[in-house]
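Worksheet: one structure, shown below.
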Amino acid sequence: MQSLTNRKIDVNRSPMTFAEKIYIPEIARGMAITLKHFFKKKATYSFPEQKRPFSSVFRGLHVLNRDEQGRERCTACGLCAVACPAEAITMEAAERLPGEENLYREEKYAARYEINMLRCIFCGLCEEACPKDAIYLSETYTPADFARKKFVYGKPDLLIPNPVTEPEAYQKALGRNVETTAEAFEKLKK
Amino acid sequence: MTLLAFDWALFIEKLVLIAVVIFGSLGIALYSTWAERKVAAFMQDRIGPNRAGPLGLLQPFADGAKLIFKEEIIPNSANKWLFILGPGMAMTAALITSAVIPWSSHLEIAGRIMPLQVADVNIGILYIFGAVSLGVYGIMIGGWASNNKFSLLAALRGASQAISYELAMGIALIALLMLTGTLSLKEIVEQQMAPGHYWNIVYQPLGFLIFIVCIFAECNRTPFDLSEAENELNMGYHQEYSSMKLGFYLFAEYVNMFVASAVMATLYFGGYDVPFLNESLLSPNVAALVGIIALMVKIVIFIFIFMWVRWTIPRFRYDQLMELGWKKLLPLALANMLITAIVILWLQHK
Amino acid sequence: MGITAIVFWILSALTLFSAIMVLVSKNPVHSVLWLVATFFSISGHYIMLNAQFLAIVNVIVYAGAIMVLFLFVIMLMNLNTKTEMKKNLWMKLGGVISGGMLLWILISVVRTYAEQSKGHPKIASVNTGEIGLIKNLGHVLFTQYALPFELCSVLFLSAMVGAVVIGKKN
């Protein structure tokens, strides 16, 4: 069969030459390779101090977005739950009462919104399905925990801080909140 | 008072020397574990332990403290006394080998000449052989007493490997002994130091090659670490061990490595000899210090080679191991011995 | 009583104790280990006689190689099943006769030695006597006893060939 890429290398099954049979030169070759790696630049990030920069398309923990006046964008349409291949999202809708206009943008909102992080596969289909730009995948991990229950994230865990009352926390949660390695290095230098 | 009529100064001097040698070997073994992890990391493009102290230099103490404070478990079906005896024997056998190694020429303190060697016996090399052959017992007893299939298999592997490679090692050494004409390690070093004489590696390159391969096998180091082959035997002969008893086994390996490096440096690389330096021009104490440093540098290089090989070469299969020992190294060592004998005879009758 | 005598007595006691333990131990592995201890204390005696070469060869060959092979065989046997040998009368009789003969020989050796050295009792002492040193031993082996030495090697060779023949299938 013709290979589609030309990266394939055939296994060398020719009988060993004398130099290979006496083993010593091959050992020397192997040891030269390891010695070369000894002096190479190390790939390690010392994690808590240095963080690996995320890819621009990284999909991490979910965030429920607010608009610029601090109102929740989610309207509990359920499209994200339908789109979710892992069936990790559940929600309960409620009607906006008079006087709650500064809390919810639409007339209908999610009274309960839960994502089971143990089921979630971080595919990002919910983000794509959302017509209101309410759910986003951010650039943080799901932290480890001891109990299964803790992995069912409710609204308090998911909602982004209010940009009107806590602008700083909001800015931080907006994304790009993880310093890149280059920045971490700059910090370490100082 | 006849009972006490012996040289107390000598007694104390030797006692101090023994203490220094033992604690020195233990200290170096301690830091070998750190070095092993660092070398492994560097060869795998990592940086290794760096949290405990600067450069992770306190890591061995953290590991040691962990091992000491862990719960000690003796399996119900194990043979209790032998289970405890095993790691002790492994450690003892590793430590007693260092008794005949000349660390340097001698110190002169208050007019007293103090040789830096615990015992200059005239059978030094044979003594090392004896101690090495004892190391097998630690593995065998531990493996059998744990009452575990894998441990037993590992113990048998280790023992048969050690016995097989002792032969080739012995014959490689006989060729060296024919050159030197003495079994005392001190005299061997002094011969190599003599002007107009090169290190023994120049005269016995093949012998050294065989010797170092056998040393690797005797120390149970990769590529001959079949007695602790993780993927086949879970963990090998120390599988049932926990706490500091496990620590003793792991530690004995590093002590062995240190002593083996010292032996190789002494036999083939001039011991405490500094190349291109006439030690007799220096005052004895300075010469002794320079000698110790030279020997230590050689030992560190050998330990590095041990680790370098470990992180390069994969483990042998068991039949390959036996074939290498019996069908390759042994005939090669015999040939080396014969050639050496012929050359010596030819030189004598020329 | 000098330090030599003290060491001698300690070593002798150790030798006898471990030799007895070899016979008394129920567990064959313990027996082998006691035997190793016996070899060590005998090596200690050799060192007292300034026969360092013999001492270390005793350790290397007996404790280091032969006993390891013994241990090998015993460990591979299934020790859990009780397969105790039947002790019939003939076995006991044979044991008594062979043991008695050994004792007889030992006593006669000690007695002849005692008669020969009447009035000059020799005690084991440190650092005297050179015959056990490797140089003298090698010299004697390759001059005076060259023929027996070579014959021994032929014997070993034939034993080795025999082992190979047995070990080969077919």
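Going by the structure tokens order, chains are called A, B, ..., each with residues numbered from 1, while ligands are numbered from 1 in the order shown.
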
Hey, which bits of chain C sit within 6 Å of chain B, and for each residue what's the closest pair of atoms and how far apart in Å (one decimal), counting only C-alpha atoms, rows by chain and increasing number, as CSV?
residue,atom,partner,partner_atom,distance
C:Gly2,CA,B:Leu3,CA,5.1
C:Ile3,CA,B:Leu3,CA,5.6
C:Val59,CA,B:Gly130,CA,5.9
C:Ile60,CA,B:Gly130,CA,4.7
C:Gly64,CA,B:Ser133,CA,4.8

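Using only C-alpha atoms, we find that the part of chain A lying within 12 Å of chain B comprises Lys21, Ile22, Tyr23, Ile24, Glu26, Ile27, Ala28, Arg29, Gly30, Met31, Ala32, Ile33, Thr34, Leu35, Lys36, His37, Phe38, Phe39, Lys40, Lys41, Lys42, Ala43, Thr44, Tyr45, Ser46, Phe47, Pro48 and Glu49 of chain A.
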
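The residue set within 10 Å of Arg315 in chain B, counting only C-alpha atoms and dropping same-chain residues fewer than 4 places from it, reads Arg221, Thr222, Pro223, Phe224, Asp225, Leu226, Ala229, Arg310, Gln320 and Leu321 of chain B.
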
For this session: Once DSSP has gone over the backbone, tell me which residues of range 120-309 of chain B are in alpha helix (DSSP H), as a VMD selection string.
Result: chain B and resid 124 to 145 149 to 180 185 to 193 200 to 203 205 to 218 230 to 233 243 to 268 284 to 309

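The gap separating CA of Ser242 in chain B from CA of Lys38 in chain B is 24.3 Å, in Å to one decimal.
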
Exercise. Using only C-alpha atoms, which residue out of C:Asn50, C:Leu137, C:Val61, C:Leu71 lies closest to Asn27 in chain C?
Worked result: C:Leu71

For this session: Find the residues around range 34-41 of chain C up to 7 Å (only C-alpha atoms counted), leave out those fewer than 5 positions away in its own chain, and share them as a VMD selection string.
Result: chain C and resid 11 14 to 15 18 to 19 21 to 22 59 63 67

Could you write those residues out with N, CA, C and O atoms, as a PDB file, in the first residue's frame?
ATOM      1  N   LEU C  11      36.617 -18.062  69.248  1.00  0.00           N
ATOM      2  CA  LEU C  11      36.422 -18.657  67.925  1.00  0.00           C
ATOM      3  C   LEU C  11      36.065 -20.126  68.040  1.00  0.00           C
ATOM      4  O   LEU C  11      35.181 -20.624  67.333  1.00  0.00           O
ATOM      5  N   LEU C  14      32.584 -20.566  69.129  1.00  0.00           N
ATOM      6  CA  LEU C  14      31.694 -20.213  68.030  1.00  0.00           C
ATOM      7  C   LEU C  14      31.628 -21.348  67.008  1.00  0.00           C
ATOM      8  O   LEU C  14      30.548 -21.724  66.537  1.00  0.00           O
ATOM      9  N   THR C  15      32.804 -21.893  66.685  1.00  0.00           N
ATOM     10  CA  THR C  15      32.858 -22.981  65.712  1.00  0.00           C
ATOM     11  C   THR C  15      32.016 -24.157  66.179  1.00  0.00           C
ATOM     12  O   THR C  15      31.177 -24.670  65.437  1.00  0.00           O
ATOM     13  N   SER C  18      28.208 -23.372  66.270  1.00  0.00           N
ATOM     14  CA  SER C  18      27.515 -23.362  64.976  1.00  0.00           C
ATOM     15  C   SER C  18      27.535 -24.744  64.347  1.00  0.00           C
ATOM     16  O   SER C  18      26.589 -25.113  63.654  1.00  0.00           O
ATOM     17  N   ALA C  19      28.594 -25.522  64.595  1.00  0.00           N
ATOM     18  CA  ALA C  19      28.610 -26.879  64.048  1.00  0.00           C
ATOM     19  C   ALA C  19      27.484 -27.704  64.653  1.00  0.00           C
ATOM     20  O   ALA C  19      26.812 -28.469  63.954  1.00  0.00           O
ATOM     21  N   MET C  21      24.724 -26.479  65.848  1.00  0.00           N
ATOM     22  CA  MET C  21      23.469 -25.942  65.330  1.00  0.00           C
ATOM     23  C   MET C  21      23.160 -26.475  63.935  1.00  0.00           C
ATOM     24  O   MET C  21      22.001 -26.624  63.553  1.00  0.00           O
ATOM     25  N   VAL C  22      24.216 -26.763  63.137  1.00  0.00           N
ATOM     26  CA  VAL C  22      23.990 -27.350  61.814  1.00  0.00           C
ATOM     27  C   VAL C  22      23.199 -28.640  61.959  1.00  0.00           C
ATOM     28  O   VAL C  22      22.267 -28.913  61.211  1.00  0.00           O
ATOM     29  N   VAL C  59      36.718 -19.011  52.619  1.00  0.00           N
ATOM     30  CA  VAL C  59      35.511 -18.182  52.531  1.00  0.00           C
ATOM     31  C   VAL C  59      34.994 -18.144  51.096  1.00  0.00           C
ATOM     32  O   VAL C  59      33.802 -18.345  50.841  1.00  0.00           O
ATOM     33  N   ALA C  63      32.212 -20.895  51.610  1.00  0.00           N
ATOM     34  CA  ALA C  63      31.074 -20.053  52.003  1.00  0.00           C
ATOM     35  C   ALA C  63      30.493 -19.339  50.797  1.00  0.00           C
ATOM     36  O   ALA C  63      29.288 -19.165  50.678  1.00  0.00           O
ATOM     37  N   MET C  67      28.380 -23.257  49.285  1.00  0.00           N
ATOM     38  CA  MET C  67      27.204 -23.138  50.143  1.00  0.00           C
ATOM     39  C   MET C  67      26.068 -22.407  49.434  1.00  0.00           C
ATOM     40  O   MET C  67      24.900 -22.669  49.679  1.00  0.00           O
TER      41      MET C  67
END

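For the atom pair formed by CA of Ala19 in chain B and CA of Val255 in chain B, the distance is 14.9 Å, given to one decimal.
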
Exercise. Do you know which residues are at most 10 Å from Thr180 in chain B counting only C-alpha atoms, after dropping those on the same chain fewer than 3 positions away, and could you put them as a ChimeraX atom specification?
Worked result: /B:174-177,183-184,187-189,191-192,200,267

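Interatomic distance, CA of Arg119 in chain A against CA of Ala86 in chain A: 6.0 Å.
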
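The protein and nucleic acid residues lying at most 6 Å from range 94-107 of chain A are Arg71, Glu72 and Arg73 of chain A, with only C-alpha atoms considered and sequence neighbours fewer than 6 positions away removed.
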
Problem set entry | Long-range neighbours of Leu116 in chain B as a ChimeraX atom specification, 7 Å cut-off, only C-alpha atoms, 3 positions minimum in chain | /B:102-106

Suppose we keep all heavy atoms; can you now write the selection as a PDB file, in the first residue's frame?
ATOM      1  N   PRO B 102      43.441   1.035  49.734  1.00  0.00           N
ATOM      2  CA  PRO B 102      44.336   2.102  50.179  1.00  0.00           C
ATOM      3  C   PRO B 102      43.792   3.447  49.725  1.00  0.00           C
ATOM      4  O   PRO B 102      43.722   3.732  48.530  1.00  0.00           O
ATOM      5  CB  PRO B 102      45.653   1.767  49.487  1.00  0.00           C
ATOM      6  CG  PRO B 102      45.284   0.954  48.302  1.00  0.00           C
ATOM      7  CD  PRO B 102      43.972   0.310  48.571  1.00  0.00           C
ATOM      8  N   TRP B 103      43.400   4.278  50.683  1.00  0.00           N
ATOM      9  CA  TRP B 103      42.783   5.552  50.310  1.00  0.00           C
ATOM     10  C   TRP B 103      43.816   6.578  49.918  1.00  0.00           C
ATOM     11  O   TRP B 103      43.543   7.458  49.121  1.00  0.00           O
ATOM     12  CB  TRP B 103      41.913   6.071  51.445  1.00  0.00           C
ATOM     13  CG  TRP B 103      40.833   5.103  51.783  1.00  0.00           C
ATOM     14  CD1 TRP B 103      40.795   4.276  52.859  1.00  0.00           C
ATOM     15  CD2 TRP B 103      39.670   4.809  51.010  1.00  0.00           C
ATOM     16  NE1 TRP B 103      39.677   3.484  52.805  1.00  0.00           N
ATOM     17  CE2 TRP B 103      38.968   3.796  51.680  1.00  0.00           C
ATOM     18  CE3 TRP B 103      39.145   5.300  49.819  1.00  0.00           C
ATOM     19  CZ2 TRP B 103      37.778   3.260  51.208  1.00  0.00           C
ATOM     20  CZ3 TRP B 103      37.962   4.774  49.351  1.00  0.00           C
ATOM     21  CH2 TRP B 103      37.293   3.769  50.037  1.00  0.00           C
ATOM     22  N   SER B 104      45.012   6.461  50.496  1.00  0.00           N
ATOM     23  CA  SER B 104      46.106   7.334  50.121  1.00  0.00           C
ATOM     24  C   SER B 104      47.363   6.772  50.770  1.00  0.00           C
ATOM     25  O   SER B 104      47.305   5.733  51.422  1.00  0.00           O
ATOM     26  CB  SER B 104      45.842   8.755  50.562  1.00  0.00           C
ATOM     27  OG  SER B 104      46.800   9.586  49.966  1.00  0.00           O
ATOM     28  N   SER B 105      48.494   7.442  50.588  1.00  0.00           N
ATOM     29  CA  SER B 105      49.742   6.863  51.098  1.00  0.00           C
ATOM     30  C   SER B 105      49.726   6.825  52.634  1.00  0.00           C
ATOM     31  O   SER B 105      49.316   5.850  53.219  1.00  0.00           O
ATOM     32  CB  SER B 105      50.929   7.635  50.556  1.00  0.00           C
ATOM     33  OG  SER B 105      50.731   9.022  50.728  1.00  0.00           O
ATOM     34  N   HIS B 106      50.188   7.888  53.284  1.00  0.00           N
ATOM     35  CA  HIS B 106      50.127   7.879  54.745  1.00  0.00           C
ATOM     36  C   HIS B 106      50.218   9.295  55.265  1.00  0.00           C
ATOM     37  O   HIS B 106      50.752  10.186  54.630  1.00  0.00           O
ATOM     38  CB  HIS B 106      51.244   7.023  55.334  1.00  0.00           C
ATOM     39  CG  HIS B 106      52.606   7.417  54.844  1.00  0.00           C
ATOM     40  ND1 HIS B 106      53.292   8.496  55.332  1.00  0.00           N
ATOM     41  CD2 HIS B 106      53.367   6.901  53.869  1.00  0.00           C
ATOM     42  CE1 HIS B 106      54.427   8.605  54.698  1.00  0.00           C
ATOM     43  NE2 HIS B 106      54.504   7.665  53.789  1.00  0.00           N
TER      44      HIS B 106
END

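Backbone DSSP over range 111-272 of chain B yields strand (DSSP E) at Arg112, Ile113, Met114 and Pro115 of chain B.
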
Pull C-alpha atoms from the residues just selected and write them as a PDB file, in the first residue's frame.
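Result went into out-v9.pdb, see below:
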ATOM      1  CA  ARG B 112      53.675   8.813  63.872  1.00  0.00           C
ATOM      2  CA  ILE B 113      53.206   7.340  60.409  1.00  0.00           C
ATOM      3  CA  MET B 114      49.589   6.566  59.846  1.00  0.00           C
ATOM      4  CA  PRO B 115      48.834   4.547  56.714  1.00  0.00           C
TER       5      PRO B 115
END
